[in-house]
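Peer 1: Below is the file run_25.cif, with mmCIF, C-alpha atoms.
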data_upload
loop_
_atom_site.label_atom_id
_atom_site.label_comp_id
_atom_site.auth_asym_id
_atom_site.auth_seq_id
_atom_site.Cartn_x
_atom_site.Cartn_y
_atom_site.Cartn_z
CA MET A 1 11.49 26.14 -30.29
CA ALA A 2 9.91 23.95 -27.61
CA PRO A 3 10.71 25.02 -24.05
CA ARG A 4 13.24 22.88 -22.20
CA ILE A 5 11.32 21.03 -19.51
CA ASP A 6 12.78 18.75 -16.88
CA PHE A 7 10.16 15.99 -16.87
CA ALA A 8 11.59 14.59 -13.62
CA SER A 9 11.65 17.83 -11.63
CA ASP A 10 9.56 18.80 -8.63
CA VAL A 11 8.62 22.00 -10.45
CA PHE A 12 7.02 19.98 -13.25
CA PHE A 13 5.23 17.48 -10.99
CA ARG A 14 3.91 20.16 -8.62
CA ASP A 15 2.10 21.98 -11.41
CA PRO A 16 1.89 19.89 -14.61
CA PRO A 17 -0.81 22.05 -16.30
CA LYS A 18 1.54 25.04 -16.40
CA ALA A 19 4.42 23.17 -18.02
CA ILE A 20 2.10 21.27 -20.37
CA ALA A 21 0.49 24.50 -21.59
CA ALA A 22 3.92 25.93 -22.38
CA LEU A 23 4.86 22.78 -24.27
CA ARG A 24 1.59 22.68 -26.19
CA ALA A 25 2.09 26.29 -27.28
CA SER A 26 5.01 25.01 -29.40
CA GLY A 27 2.77 22.63 -31.32
CA PRO A 28 0.79 19.38 -31.15
CA VAL A 29 4.00 17.37 -31.54
CA VAL A 30 7.33 18.74 -30.28
CA ALA A 31 10.93 17.53 -30.39
CA THR A 32 12.59 17.16 -27.00
CA ARG A 33 15.04 15.05 -25.05
CA PHE A 34 13.68 12.56 -22.53
CA PRO A 35 15.73 11.02 -19.68
CA LEU A 36 17.14 7.55 -20.51
CA VAL A 37 15.35 7.58 -23.88
CA GLY A 38 17.18 10.43 -25.63
CA ASP A 39 15.87 12.47 -28.58
CA VAL A 40 12.17 11.90 -29.14
CA TRP A 41 9.00 13.54 -30.40
CA VAL A 42 6.31 14.16 -27.76
CA THR A 43 2.58 14.64 -28.41
CA THR A 44 0.84 17.48 -26.57
CA THR A 45 -2.79 17.13 -27.69
CA HIS A 46 -5.54 14.56 -27.27
CA ASP A 47 -5.91 13.99 -31.02
CA ALA A 48 -2.19 13.49 -31.67
CA THR A 49 -1.94 11.12 -28.71
CA ALA A 50 -4.93 9.04 -29.83
CA ARG A 51 -3.62 8.86 -33.40
CA VAL A 52 -0.27 7.44 -32.33
CA LEU A 53 -1.82 4.91 -29.94
CA LYS A 54 -4.34 3.68 -32.50
CA ASP A 55 -2.09 3.54 -35.57
CA GLY A 56 -0.07 0.47 -34.67
CA ALA A 57 1.15 0.01 -38.23
CA THR A 58 2.89 3.40 -38.43
CA PHE A 59 3.94 3.82 -34.79
CA THR A 60 5.31 0.52 -33.52
CA LEU A 61 6.81 -0.55 -30.22
CA ARG A 62 9.49 -2.53 -32.01
CA LYS A 63 11.95 -1.60 -34.71
CA GLU A 64 12.14 -3.47 -37.98
CA ASP A 65 14.82 -5.76 -36.50
CA GLY A 66 12.47 -6.71 -33.65
CA LYS A 67 14.24 -4.70 -30.94
CA VAL A 68 12.14 -2.69 -28.48
CA ALA A 69 12.11 0.95 -29.56
CA GLY A 70 12.80 2.31 -26.07
CA LEU A 71 15.86 0.18 -25.28
CA ARG A 72 19.35 1.62 -25.68
CA TRP A 73 22.45 -0.20 -26.94
CA TRP A 74 24.12 -0.13 -23.53
CA MET A 75 21.29 -1.88 -21.67
CA PRO A 76 22.11 -5.49 -20.62
CA LYS A 77 20.32 -8.62 -21.81
CA LEU A 78 18.36 -8.89 -18.55
CA VAL A 79 16.48 -5.73 -19.47
CA THR A 80 15.71 -7.13 -22.92
CA THR A 81 14.31 -10.29 -21.32
CA ILE A 82 12.10 -8.38 -18.90
CA ALA A 83 10.94 -6.03 -21.67
CA ASN A 84 9.82 -9.01 -23.75
CA ASN A 85 6.20 -8.62 -22.63
CA MET A 86 2.90 -7.75 -24.28
CA VAL A 87 3.17 -4.04 -23.41
CA ASN A 88 6.23 -3.88 -25.68
CA MET A 89 4.83 -6.01 -28.48
CA ASP A 90 3.05 -5.23 -31.72
CA GLU A 91 0.59 -7.52 -33.45
CA PRO A 92 0.21 -10.46 -33.64
CA ASP A 93 2.35 -11.20 -30.56
CA HIS A 94 0.52 -8.66 -28.42
CA THR A 95 -2.85 -10.37 -28.88
CA ARG A 96 -1.29 -13.83 -28.50
CA LEU A 97 -0.03 -12.98 -25.01
CA ARG A 98 -2.91 -10.78 -23.94
CA ASN A 99 -5.46 -13.48 -24.68
CA ILE A 100 -3.74 -15.76 -22.16
CA VAL A 101 -4.47 -13.43 -19.20
CA ASP A 102 -7.45 -11.49 -20.53
CA GLU A 103 -10.09 -13.64 -18.84
CA ALA A 104 -8.73 -12.94 -15.35
CA PHE A 105 -9.16 -9.19 -15.89
CA ARG A 106 -12.63 -9.19 -17.42
CA ARG A 107 -15.16 -6.93 -15.74
CA ARG A 108 -17.13 -9.72 -14.06
CA ALA A 109 -13.99 -11.32 -12.59
CA ILE A 110 -12.76 -8.01 -11.18
CA ILE A 111 -16.16 -7.07 -9.75
CA ASP A 112 -16.21 -10.44 -7.99
CA MET A 113 -12.96 -9.39 -6.29
CA GLN A 114 -14.45 -6.13 -5.00
CA PRO A 115 -15.47 -7.37 -1.51
CA ARG A 116 -11.98 -8.74 -0.94
CA ILE A 117 -10.37 -5.52 -2.16
CA ARG A 118 -12.58 -3.52 0.21
CA ALA A 119 -11.74 -5.82 3.12
CA ILE A 120 -8.01 -5.30 2.53
CA ALA A 121 -8.55 -1.53 2.35
CA ASP A 122 -10.58 -1.55 5.58
CA ASP A 123 -7.88 -3.50 7.41
CA LEU A 124 -5.11 -1.22 6.17
CA ALA A 125 -7.07 1.89 7.09
CA ALA A 126 -7.81 0.53 10.58
CA ASP A 127 -4.12 -0.20 11.19
CA LEU A 128 -2.78 2.98 9.59
CA PHE A 129 -1.75 4.67 12.84
CA ALA A 130 -1.23 1.51 14.91
CA ASP A 131 2.52 2.19 15.25
CA GLY A 132 2.20 5.91 15.95
CA ARG A 133 1.85 9.09 13.99
CA PRO A 134 2.54 10.65 11.60
CA VAL A 135 2.73 7.95 8.93
CA ASP A 136 3.73 7.92 5.29
CA LEU A 137 0.50 7.15 3.45
CA VAL A 138 2.42 5.99 0.37
CA GLN A 139 4.26 3.18 2.14
CA ARG A 140 1.65 2.27 4.75
CA TYR A 141 -1.44 2.33 2.55
CA ALA A 142 -1.26 3.33 -1.12
CA ARG A 143 1.53 0.87 -1.95
CA ILE A 144 0.37 -2.07 0.14
CA LEU A 145 -3.22 -2.23 -1.12
CA PRO A 146 -2.56 -2.81 -4.85
CA LEU A 147 0.44 -5.03 -4.12
CA SER A 148 -1.71 -7.19 -1.85
CA VAL A 149 -4.44 -7.46 -4.47
CA ILE A 150 -2.20 -8.29 -7.42
CA SER A 151 -0.16 -10.80 -5.41
CA GLU A 152 -3.38 -12.61 -4.44
CA LEU A 153 -4.50 -12.53 -8.07
CA LEU A 154 -1.18 -14.04 -9.13
CA GLY A 155 -1.26 -16.61 -6.34
CA LEU A 156 1.93 -15.41 -4.60
CA PRO A 157 2.48 -16.07 -0.88
CA ALA A 158 1.39 -13.28 1.46
CA ALA A 159 4.57 -13.78 3.49
CA ASP A 160 6.64 -12.60 0.50
CA ARG A 161 4.99 -9.18 0.21
CA PRO A 162 7.85 -7.35 1.96
CA ARG A 163 10.01 -8.44 -1.01
CA PHE A 164 7.47 -7.00 -3.45
CA ILE A 165 7.43 -3.71 -1.56
CA ALA A 166 11.24 -3.50 -1.67
CA TRP A 167 11.23 -4.19 -5.41
CA ALA A 168 8.47 -1.64 -5.99
CA ASN A 169 10.48 0.98 -4.09
CA ALA A 170 13.51 0.17 -6.22
CA MET A 171 11.49 0.64 -9.42
CA SER A 172 10.16 3.97 -8.16
CA SER A 173 13.73 5.19 -7.65
CA LEU A 174 14.55 4.96 -11.38
CA THR A 175 15.63 8.49 -12.33
CA ASN A 176 18.84 8.27 -14.38
CA VAL A 177 21.50 5.94 -15.75
CA VAL A 178 23.12 5.40 -12.34
CA SER A 179 19.84 4.42 -10.67
CA PHE A 180 19.04 2.26 -13.70
CA PHE A 181 22.08 0.06 -13.00
CA ARG A 182 21.18 -0.08 -9.30
CA LEU A 183 17.74 -1.30 -10.35
CA LEU A 184 19.27 -4.26 -12.18
CA TYR A 185 20.01 -5.94 -8.85
CA ALA A 186 16.32 -5.78 -7.91
CA PHE A 187 15.36 -7.05 -11.37
CA ARG A 188 17.64 -10.07 -10.98
CA LYS A 189 16.19 -10.89 -7.57
CA MET A 190 12.66 -10.52 -8.94
CA ARG A 191 13.38 -12.72 -11.95
CA ASP A 192 14.99 -15.45 -9.82
CA TYR A 193 12.10 -15.38 -7.36
CA LEU A 194 9.42 -15.61 -10.04
CA GLU A 195 11.24 -18.37 -11.91
CA GLU A 196 11.16 -20.34 -8.65
CA GLN A 197 7.43 -19.65 -8.18
CA LEU A 198 6.78 -20.91 -11.71
CA ARG A 199 8.86 -24.02 -10.99
CA ILE A 200 6.83 -24.69 -7.82
CA ALA A 201 3.58 -24.26 -9.76
CA ARG A 202 4.78 -26.75 -12.38
CA VAL A 203 5.34 -29.32 -9.65
CA ARG A 204 2.51 -28.65 -7.21
CA GLY A 205 -0.08 -26.69 -9.18
CA GLY A 206 -1.95 -24.07 -7.18
CA GLU A 207 -4.32 -21.15 -7.47
CA GLY A 208 -3.94 -17.83 -9.27
CA LEU A 209 -2.60 -16.57 -12.55
CA ILE A 210 0.83 -18.15 -12.16
CA ALA A 211 -0.75 -21.60 -11.95
CA GLU A 212 -2.93 -20.72 -14.94
CA LEU A 213 0.12 -19.69 -16.98
CA VAL A 214 1.75 -23.03 -16.15
CA GLN A 215 -1.41 -24.82 -17.29
CA VAL A 216 -1.35 -22.90 -20.58
CA GLU A 217 2.28 -23.93 -21.02
CA ARG A 218 1.44 -27.56 -20.21
CA GLU A 219 -1.35 -27.58 -22.79
CA GLY A 220 0.99 -26.36 -25.51
CA GLY A 221 -0.02 -22.69 -25.36
CA GLN A 222 2.08 -20.24 -27.30
CA ILE A 223 4.17 -18.73 -24.53
CA THR A 224 7.89 -19.20 -23.92
CA PRO A 225 9.52 -19.56 -20.47
CA ASP A 226 11.06 -16.08 -20.78
CA GLU A 227 7.69 -14.64 -21.77
CA MET A 228 6.10 -16.24 -18.72
CA VAL A 229 8.60 -14.61 -16.37
CA SER A 230 8.25 -11.29 -18.16
CA MET A 231 4.45 -11.55 -18.01
CA VAL A 232 4.42 -12.09 -14.24
CA ILE A 233 6.89 -9.24 -13.67
CA LEU A 234 4.71 -6.98 -15.80
CA LEU A 235 1.53 -7.90 -13.93
CA LEU A 236 3.20 -7.54 -10.53
CA ALA A 237 4.76 -4.18 -11.38
CA ALA A 238 2.11 -2.60 -13.59
CA GLY A 239 -0.65 -4.03 -11.42
CA SER A 240 0.58 -2.13 -8.40
CA GLU A 241 2.87 0.77 -9.24
CA THR A 242 0.48 3.00 -11.17
CA THR A 243 -2.42 2.43 -8.77
CA THR A 244 -0.16 3.28 -5.82
CA HIS A 245 0.41 6.73 -7.25
CA LEU A 246 -3.21 7.17 -8.30
CA ILE A 247 -4.29 6.55 -4.70
CA SER A 248 -1.65 8.76 -3.08
CA GLY A 249 -2.16 11.52 -5.66
CA SER A 250 -5.92 11.45 -5.11
CA VAL A 251 -5.54 11.68 -1.32
CA TYR A 252 -3.10 14.56 -1.77
CA GLU A 253 -5.65 16.48 -3.85
CA LEU A 254 -8.49 15.82 -1.38
CA LEU A 255 -6.38 17.00 1.57
CA ARG A 256 -5.51 20.15 -0.38
CA ASN A 257 -9.17 20.75 -1.25
CA PRO A 258 -11.36 20.21 1.85
CA GLY A 259 -14.45 21.34 -0.05
CA LEU A 260 -14.04 18.51 -2.55
CA ARG A 261 -13.50 16.03 0.26
CA ASP A 262 -16.68 17.26 1.98
CA TRP A 263 -18.61 16.85 -1.29
CA LEU A 264 -17.37 13.29 -1.65
CA GLU A 265 -18.03 12.37 1.97
CA GLN A 266 -21.65 13.53 1.67
CA ASP A 267 -22.36 10.69 -0.76
CA TRP A 268 -19.86 7.93 -1.40
CA SER A 269 -21.82 6.74 -4.44
CA ARG A 270 -19.99 9.63 -6.17
CA VAL A 271 -16.60 8.00 -5.71
CA GLY A 272 -16.57 6.36 -9.15
CA LEU A 273 -17.10 9.74 -10.80
CA ALA A 274 -14.35 11.23 -8.65
CA VAL A 275 -11.89 8.46 -9.56
CA GLU A 276 -12.35 9.23 -13.27
CA GLU A 277 -11.37 12.83 -12.62
CA PHE A 278 -8.41 11.82 -10.49
CA LEU A 279 -7.28 9.59 -13.35
CA ARG A 280 -7.41 12.63 -15.64
CA PHE A 281 -6.00 15.26 -13.32
CA VAL A 282 -3.41 13.26 -11.36
CA SER A 283 -2.36 11.27 -14.46
CA PRO A 284 0.05 8.96 -12.60
CA VAL A 285 1.32 7.59 -15.93
CA GLN A 286 2.49 10.72 -17.70
CA PHE A 287 3.99 9.20 -20.86
CA SER A 288 3.70 6.06 -22.94
CA LYS A 289 6.63 3.91 -23.97
CA PRO A 290 8.59 5.15 -27.02
CA ARG A 291 7.31 4.12 -30.40
CA TYR A 292 9.24 3.75 -33.64
CA VAL A 293 8.06 5.63 -36.74
CA ARG A 294 7.89 3.08 -39.57
CA ARG A 295 7.42 5.55 -42.45
CA ASP A 296 7.54 9.26 -43.18
CA VAL A 297 4.28 10.65 -41.87
CA GLU A 298 2.52 13.89 -41.04
CA LEU A 299 1.15 13.99 -37.50
CA GLU A 300 -1.13 16.95 -36.78
CA GLY A 301 0.76 19.00 -39.35
CA VAL A 302 4.24 17.99 -38.14
CA ARG A 303 6.50 15.93 -40.40
CA LEU A 304 8.02 12.85 -38.76
CA LYS A 305 10.61 10.76 -40.57
CA LYS A 306 11.01 7.01 -40.70
CA GLY A 307 13.28 5.98 -37.83
CA ASP A 308 12.19 8.78 -35.51
CA ARG A 309 10.83 7.92 -32.08
CA VAL A 310 7.67 9.34 -30.55
CA MET A 311 6.20 9.21 -27.06
CA VAL A 312 2.62 10.15 -26.34
CA MET A 313 2.17 12.44 -23.36
CA LEU A 314 -0.95 11.11 -21.67
CA ALA A 315 -0.90 13.93 -19.13
CA ALA A 316 -0.98 16.51 -21.93
CA ALA A 317 -3.87 14.73 -23.67
CA ASN A 318 -5.76 14.82 -20.37
CA MET A 319 -5.13 18.56 -20.03
CA ASP A 320 -6.12 19.45 -23.59
CA PRO A 321 -8.56 22.42 -23.46
CA ALA A 322 -9.97 21.36 -26.82
CA VAL A 323 -11.41 18.28 -25.10
CA HIS A 324 -11.99 19.33 -21.48
CA ASP A 325 -13.45 22.63 -20.31
CA ARG A 326 -11.26 24.28 -17.67
CA ALA A 327 -8.88 21.37 -18.09
CA GLU A 328 -6.41 22.81 -15.60
CA HIS A 329 -8.97 22.54 -12.77
CA LEU A 330 -9.88 19.49 -10.70
CA ASP A 331 -13.64 18.96 -11.10
CA LEU A 332 -14.95 15.81 -9.42
CA GLU A 333 -18.34 16.25 -11.12
CA ARG A 334 -16.87 16.40 -14.62
CA LYS A 335 -19.13 14.86 -17.27
CA PRO A 336 -18.24 13.66 -19.78
CA ASN A 337 -14.68 12.77 -18.86
CA ARG A 338 -12.64 11.83 -21.91
CA HIS A 339 -9.36 11.14 -20.14
CA ILE A 340 -6.96 8.82 -21.86
CA SER A 341 -5.05 7.64 -18.79
CA PHE A 342 -5.52 3.98 -19.72
CA GLY A 343 -4.45 4.60 -23.30
CA THR A 344 -6.48 3.54 -26.31
CA GLY A 345 -6.20 1.10 -29.19
CA ILE A 346 -4.94 -2.46 -28.78
CA HIS A 347 -2.79 -1.53 -25.77
CA PHE A 348 -5.71 -0.15 -23.74
CA CYS A 349 -4.81 -0.99 -20.14
CA LEU A 350 -5.67 -4.58 -19.23
CA GLY A 351 -6.12 -3.66 -15.55
CA HIS A 352 -8.30 -0.58 -15.93
CA GLN A 353 -11.25 -2.07 -14.01
CA LEU A 354 -8.98 -3.26 -11.22
CA ALA A 355 -7.33 0.14 -10.85
CA ARG A 356 -10.69 1.91 -10.71
CA ILE A 357 -12.08 -0.39 -8.01
CA GLU A 358 -8.89 -0.29 -5.95
CA ALA A 359 -8.82 3.51 -6.01
CA ALA A 360 -12.51 3.79 -5.09
CA CYS A 361 -12.18 1.31 -2.22
CA ALA A 362 -8.98 2.94 -1.00
CA LEU A 363 -10.49 6.43 -0.82
CA GLU A 364 -13.75 5.35 0.78
CA ALA A 365 -12.17 3.09 3.39
CA LEU A 366 -9.56 5.70 4.30
CA PHE A 367 -11.84 8.70 4.75
CA LEU A 368 -14.64 6.80 6.46
CA ARG A 369 -12.11 5.57 8.98
CA TRP A 370 -10.25 8.89 9.28
CA PRO A 371 -12.63 11.69 8.20
CA LYS A 372 -10.34 14.39 9.62
CA LEU A 373 -7.16 13.05 8.01
CA GLY A 374 -4.67 15.83 7.41
CA PHE A 375 -1.16 16.65 6.24
CA ALA A 376 1.55 16.16 8.86
CA VAL A 377 3.77 18.73 7.13
CA ASP A 378 3.26 21.90 5.16
CA VAL A 379 2.14 21.10 1.64
CA SER A 380 5.31 22.77 0.31
CA GLU A 381 7.35 20.00 1.97
CA ILE A 382 5.71 17.24 -0.10
CA HIS A 383 7.82 16.19 -3.07
CA TRP A 384 7.65 13.81 -6.00
CA ARG A 385 10.06 11.08 -6.98
CA LYS A 386 12.39 12.24 -9.73
CA ARG A 387 11.18 9.50 -12.01
CA PRO A 388 10.46 10.70 -15.54
CA GLY A 389 7.15 9.52 -16.95
CA MET A 390 5.54 8.69 -13.59
CA ARG A 391 3.95 11.27 -11.28
CA ALA A 392 4.73 9.64 -7.93
CA ILE A 393 4.62 11.36 -4.55
CA ALA A 394 7.76 10.31 -2.67
CA LYS A 395 6.26 10.54 0.83
CA LEU A 396 2.86 11.69 2.03
CA PRO A 397 3.06 12.24 5.82
CA VAL A 398 -0.43 12.32 7.37
CA VAL A 399 -1.98 12.54 10.82
CA PRO A 400 -5.47 11.45 11.95
CA ASP A 401 -6.24 14.85 13.56
CA ASP A 402 -7.44 15.02 17.14
CA GLN A 403 -10.92 13.84 16.12
CA GLY A 404 -9.71 10.74 14.26
CA THR A 405 -10.22 8.29 17.13
CA GLN A 406 -13.70 9.61 17.94
CA ALA A 407 -14.75 9.41 14.30
CA THR A 408 -13.55 5.82 14.10
CA ALA A 409 -15.73 4.76 17.01
CA SER A 410 -18.94 5.77 15.22
CA GLY A 411 -17.89 4.88 11.69
CA GLY A 412 -18.43 1.12 11.53
CA SER A 413 -22.01 1.19 10.27
CA MET A 414 -21.09 3.81 7.68
CA ILE A 415 -18.50 1.46 6.16
CA VAL A 416 -20.97 -1.41 5.89
CA ARG A 417 -23.69 0.79 4.42
CA SER A 418 -21.38 2.38 1.86
CA ARG A 419 -20.24 -0.93 0.38
CA THR A 420 -23.49 -1.41 -1.45
CA ALA A 421 -23.53 2.19 -2.70
CA ALA A 422 -20.04 2.71 -4.03
CA CYS A 423 -17.34 0.17 -3.30
#
Could you write out this structure as structure tokens?

Peer 2:
Amino acid sequence: MAPRIDFASDVFFRDPPKAIAALRASGPVVATRFPLVGDVWVTTTHDATARVLKDGATFTLRKEDGKVAGLRWWMPKLVTTIANNMVNMDEPDHTRLRNIVDEAFRRRAIIDMQPRIRAIADDLAADLFADGRPVDLVQRYARILPLSVISELLGLPAADRPRFIAWANAMSSLTNVVSFFRLLYAFRKMRDYLEEQLRIARVRGGEGLIAELVQVEREGGQITPDEMVSMVILLLAAGSETTTHLISGSVYELLRNPGLRDWLEQDWSRVGLAVEEFLRFVSPVQFSKPRYVRRDVELEGVRLKKGDRVMVMLAAANMDPAVHDRAEHLDLERKPNRHISFGTGIHFCLGHQLARIEAACALEALFLRWPKLGFAVDVSEIHWRKRPGMRAIAKLPVVPDDQGTQATASGGSMIVRSRTAAC
């Protein structure tokens, strides 16, 4: 019998390796019950996870009637509309929609954005304690940076970012059925707002991905109005939420481990290597979306029946001792790093380059500006949002330490010099 684990509990999020090891001891694929989803199989190994993600013919995101596998009968039509995006689509619709936005996320395009991303991070770091101390690093830094970047990429007005932050906070509060229905209000506001932005782009044109989507529509591209709204919601949400928790989780680990922070601060060209390990160890996205089993199949020796649902546990794949030595330890020098945080197969994360650069810039800008940054509370007082599937620190109160101001005064040249080396 698999152990009963509360995937939304503080106990689980505080020490995922312990709970994952107990789950894996029951097998490579275990039956459990997941909040909002219900009865589902969960993978616990790297190989089982990769198999499900790559075999899109056997493990599909949609049922045979076209409905999304993770949606429940009681969920309203608004949710179905929003879920009608490429993340929830199998072939050929997935490729049809992904090709429309793929160019904007290619490596060269994202690297060209790097100076702007770093400038935003520098400004946020400089203003972090402008209104006093302590501050919540999640709300004042980790959330604002990726939201600012993705909103610029989409071509959304900077003045509207407080709305995006409010919607992002609402999405982070999703924990159960009650909070799900509260979230519908935010979804409606988001849909109405984005429909208006698309209408404006149809009339006036503009810059950014929203204007590009309108141009695709105008040229007869294969995308429906509902798919356009769903696409923008996906990019706005997915392009900020996961990176928010990657940044805050990485800072949390560095503050807990001063030796690792010292190692990183000695040479910021190491930050890319460190980000790969944070992606593995923090694993902000813990689970994939549910998939529907199209035929009876054996997965790593476990029999799954047609009609079953399976979710891959990315965090468990990242902690698999068969793939990573001392997988339960944070090792910023880990090579090779075979984490699967961005998934694999046709649904490999579109924004993986953007997330990596944002995390690297965020860490470097923050610690160059505030090299003595510290917790404002005892580490035992830091908690995670009770959101199943996402490892998200609720609040991360920090202080600059009494040397923070002095360090800032001499840090300007270090920031300029480091940009060519790392971020």

Peer 1: Take the point (-12.9, -9.2, -15.8) in the file's coordinates, draw a sphere of radius 12 Å around it, and report as a PDB file with C-alpha atoms, keeping the file's coordinate frame every protein, DNA or RNA residue with an atom inside or on it, counting only C-alpha atoms.

Peer 2:
ATOM      1  CA  VAL A 101      -4.470 -13.430 -19.200  1.00  0.00           C
ATOM      2  CA  ASP A 102      -7.450 -11.490 -20.530  1.00  0.00           C
ATOM      3  CA  GLU A 103     -10.090 -13.640 -18.840  1.00  0.00           C
ATOM      4  CA  ALA A 104      -8.730 -12.940 -15.350  1.00  0.00           C
ATOM      5  CA  PHE A 105      -9.160  -9.190 -15.890  1.00  0.00           C
ATOM      6  CA  ARG A 106     -12.630  -9.190 -17.420  1.00  0.00           C
ATOM      7  CA  ARG A 107     -15.160  -6.930 -15.740  1.00  0.00           C
ATOM      8  CA  ARG A 108     -17.130  -9.720 -14.060  1.00  0.00           C
ATOM      9  CA  ALA A 109     -13.990 -11.320 -12.590  1.00  0.00           C
ATOM     10  CA  ILE A 110     -12.760  -8.010 -11.180  1.00  0.00           C
ATOM     11  CA  ILE A 111     -16.160  -7.070  -9.750  1.00  0.00           C
ATOM     12  CA  ASP A 112     -16.210 -10.440  -7.990  1.00  0.00           C
ATOM     13  CA  MET A 113     -12.960  -9.390  -6.290  1.00  0.00           C
ATOM     14  CA  GLN A 114     -14.450  -6.130  -5.000  1.00  0.00           C
ATOM     15  CA  LEU A 153      -4.500 -12.530  -8.070  1.00  0.00           C
ATOM     16  CA  LEU A 350      -5.670  -4.580 -19.230  1.00  0.00           C
ATOM     17  CA  GLY A 351      -6.120  -3.660 -15.550  1.00  0.00           C
ATOM     18  CA  HIS A 352      -8.300  -0.580 -15.930  1.00  0.00           C
ATOM     19  CA  GLN A 353     -11.250  -2.070 -14.010  1.00  0.00           C
ATOM     20  CA  LEU A 354      -8.980  -3.260 -11.220  1.00  0.00           C
ATOM     21  CA  ALA A 355      -7.330   0.140 -10.850  1.00  0.00           C
ATOM     22  CA  ILE A 357     -12.080  -0.390  -8.010  1.00  0.00           C
TER      23      ILE A 357
END

Peer 1: So, counting only C-alpha atoms, which residue among A:Gly249, A:Pro290, A:Arg369, A:Leu145 is closest to A:Arg14?

Peer 2: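 Looking at the shortest contact to A:Arg14, the residue is A:Gly249.
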
Peer 1: Nearest residue to A:Thr32 out of A:Leu264, A:Ala158, A:Val216, A:Ile5, using all atoms listed in the file?

Peer 2: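 Smallest separation from A:Thr32 among the options: A:Ile5.
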
Peer 1: Pick out the residues sitting within 12 Å of A:Glu381, and hand them over as a tab-separated table (two decimals) with C-alpha atoms, in the coordinates of the input; count all atoms listed in the file, and ignore anything fewer than 6 positions along from it in its own chain.

Peer 2:
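Result file follows (selection_16.tsv):
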chain	number	residue	atom	x	y	z
A	10	ASP	CA	9.56	18.80	-8.63
A	14	ARG	CA	3.91	20.16	-8.62
A	375	PHE	CA	-1.16	16.65	6.24
A	393	ILE	CA	4.62	11.36	-4.55
A	394	ALA	CA	7.76	10.31	-2.67
A	395	LYS	CA	6.26	10.54	0.83
A	396	LEU	CA	2.86	11.69	2.03
A	397	PRO	CA	3.06	12.24	5.82

Peer 1: My list of candidates is A:Glu227, A:Asp123, A:Asp308, A:Glu196. Which is closest to A:Phe59 when distances are computed with all atoms listed in the file?

Peer 2: A:Asp308

Peer 1: Enter the distance from atom CA of A:Ile144 to atom CA of A:Leu273, in Å, rounded to one decimal.

Peer 2: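 Spanning atom CA of A:Ile144 to atom CA of A:Leu273 is a straight-line distance of 23.8 Å.
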
Peer 1: Any chance you could work out the residue set of the PyMOL selection byres ((chain A and resi 9) around 12) here, as an mmCIF file with C-alpha atoms, in the coordinates of the input?

Peer 2:
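Writing the result to selection-v3.cif gives the following:
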data_model
loop_
_atom_site.group_PDB
_atom_site.id
_atom_site.type_symbol
_atom_site.label_atom_id
_atom_site.label_comp_id
_atom_site.auth_asym_id
_atom_site.auth_seq_id
_atom_site.Cartn_x
_atom_site.Cartn_y
_atom_site.Cartn_z
ATOM 1 C CA ARG A 4 13.240 22.880 -22.200
ATOM 2 C CA ILE A 5 11.320 21.030 -19.510
ATOM 3 C CA ASP A 6 12.780 18.750 -16.880
ATOM 4 C CA PHE A 7 10.160 15.990 -16.870
ATOM 5 C CA ALA A 8 11.590 14.590 -13.620
ATOM 6 C CA ASP A 10 9.560 18.800 -8.630
ATOM 7 C CA VAL A 11 8.620 22.000 -10.450
ATOM 8 C CA PHE A 12 7.020 19.980 -13.250
ATOM 9 C CA PHE A 13 5.230 17.480 -10.990
ATOM 10 C CA ARG A 14 3.910 20.160 -8.620
ATOM 11 C CA ASP A 15 2.100 21.980 -11.410
ATOM 12 C CA PRO A 16 1.890 19.890 -14.610
ATOM 13 C CA ALA A 19 4.420 23.170 -18.020
ATOM 14 C CA PRO A 35 15.730 11.020 -19.680
ATOM 15 C CA THR A 175 15.630 8.490 -12.330
ATOM 16 C CA HIS A 383 7.820 16.190 -3.070
ATOM 17 C CA TRP A 384 7.650 13.810 -6.000
ATOM 18 C CA ARG A 385 10.060 11.080 -6.980
ATOM 19 C CA LYS A 386 12.390 12.240 -9.730
ATOM 20 C CA ARG A 387 11.180 9.500 -12.010
ATOM 21 C CA PRO A 388 10.460 10.700 -15.540
ATOM 22 C CA GLY A 389 7.150 9.520 -16.950
ATOM 23 C CA MET A 390 5.540 8.690 -13.590
ATOM 24 C CA ARG A 391 3.950 11.270 -11.280
ATOM 25 C CA ALA A 392 4.730 9.640 -7.930
ATOM 26 C CA ILE A 393 4.620 11.360 -4.550
#

Peer 1: Quick one, how far is atom CA of A:Glu276 from atom CA of A:Val377?

Peer 2: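 Spanning atom CA of A:Glu276 to atom CA of A:Val377 is a straight-line distance of 27.7 Å.
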
Peer 1: Here's the selection I'm unsure about, the PyMOL selection byres ((chain A and resi 95) around 12); applied to the file above, which residues does it give, as a PyMOL selection string?

Peer 2: chain A and resi 85-94+96-102+222-223+345-348+350

Peer 1: Of the residues A:Val30, A:Ala22, A:Val302, A:Cys423, which is the one nearest to A:Asp267, using all atoms listed in the file?

Peer 2: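 Ranking A:Val30, A:Ala22, A:Val302, A:Cys423 by distance to A:Asp267, first place goes to A:Cys423.
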
Peer 1: With distances taken over all atoms listed in the file, which residue among A:Arg140, A:Lys335, A:Arg163, A:Arg188 lies nearest A:Ala274?

Peer 2: A:Lys335

Peer 1: Give me the result of the PyMOL selection byres ((chain A and resi 141) around 10) on this file, residue by residue, as a list of chain:residue names.

Peer 2: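 So the PyMOL selection byres ((chain A and resi 141) around 10), applied here, picks out A:Ala121, A:Asp123, A:Leu124, A:Ala125, A:Asp127, A:Leu128, A:Val135, A:Asp136, A:Leu137, A:Val138, A:Gln139, A:Arg140, A:Ala142, A:Arg143, A:Ile144, A:Leu145, A:Pro146, A:Thr244, A:Ile247, A:Ser248, A:Ala362, A:Leu366.
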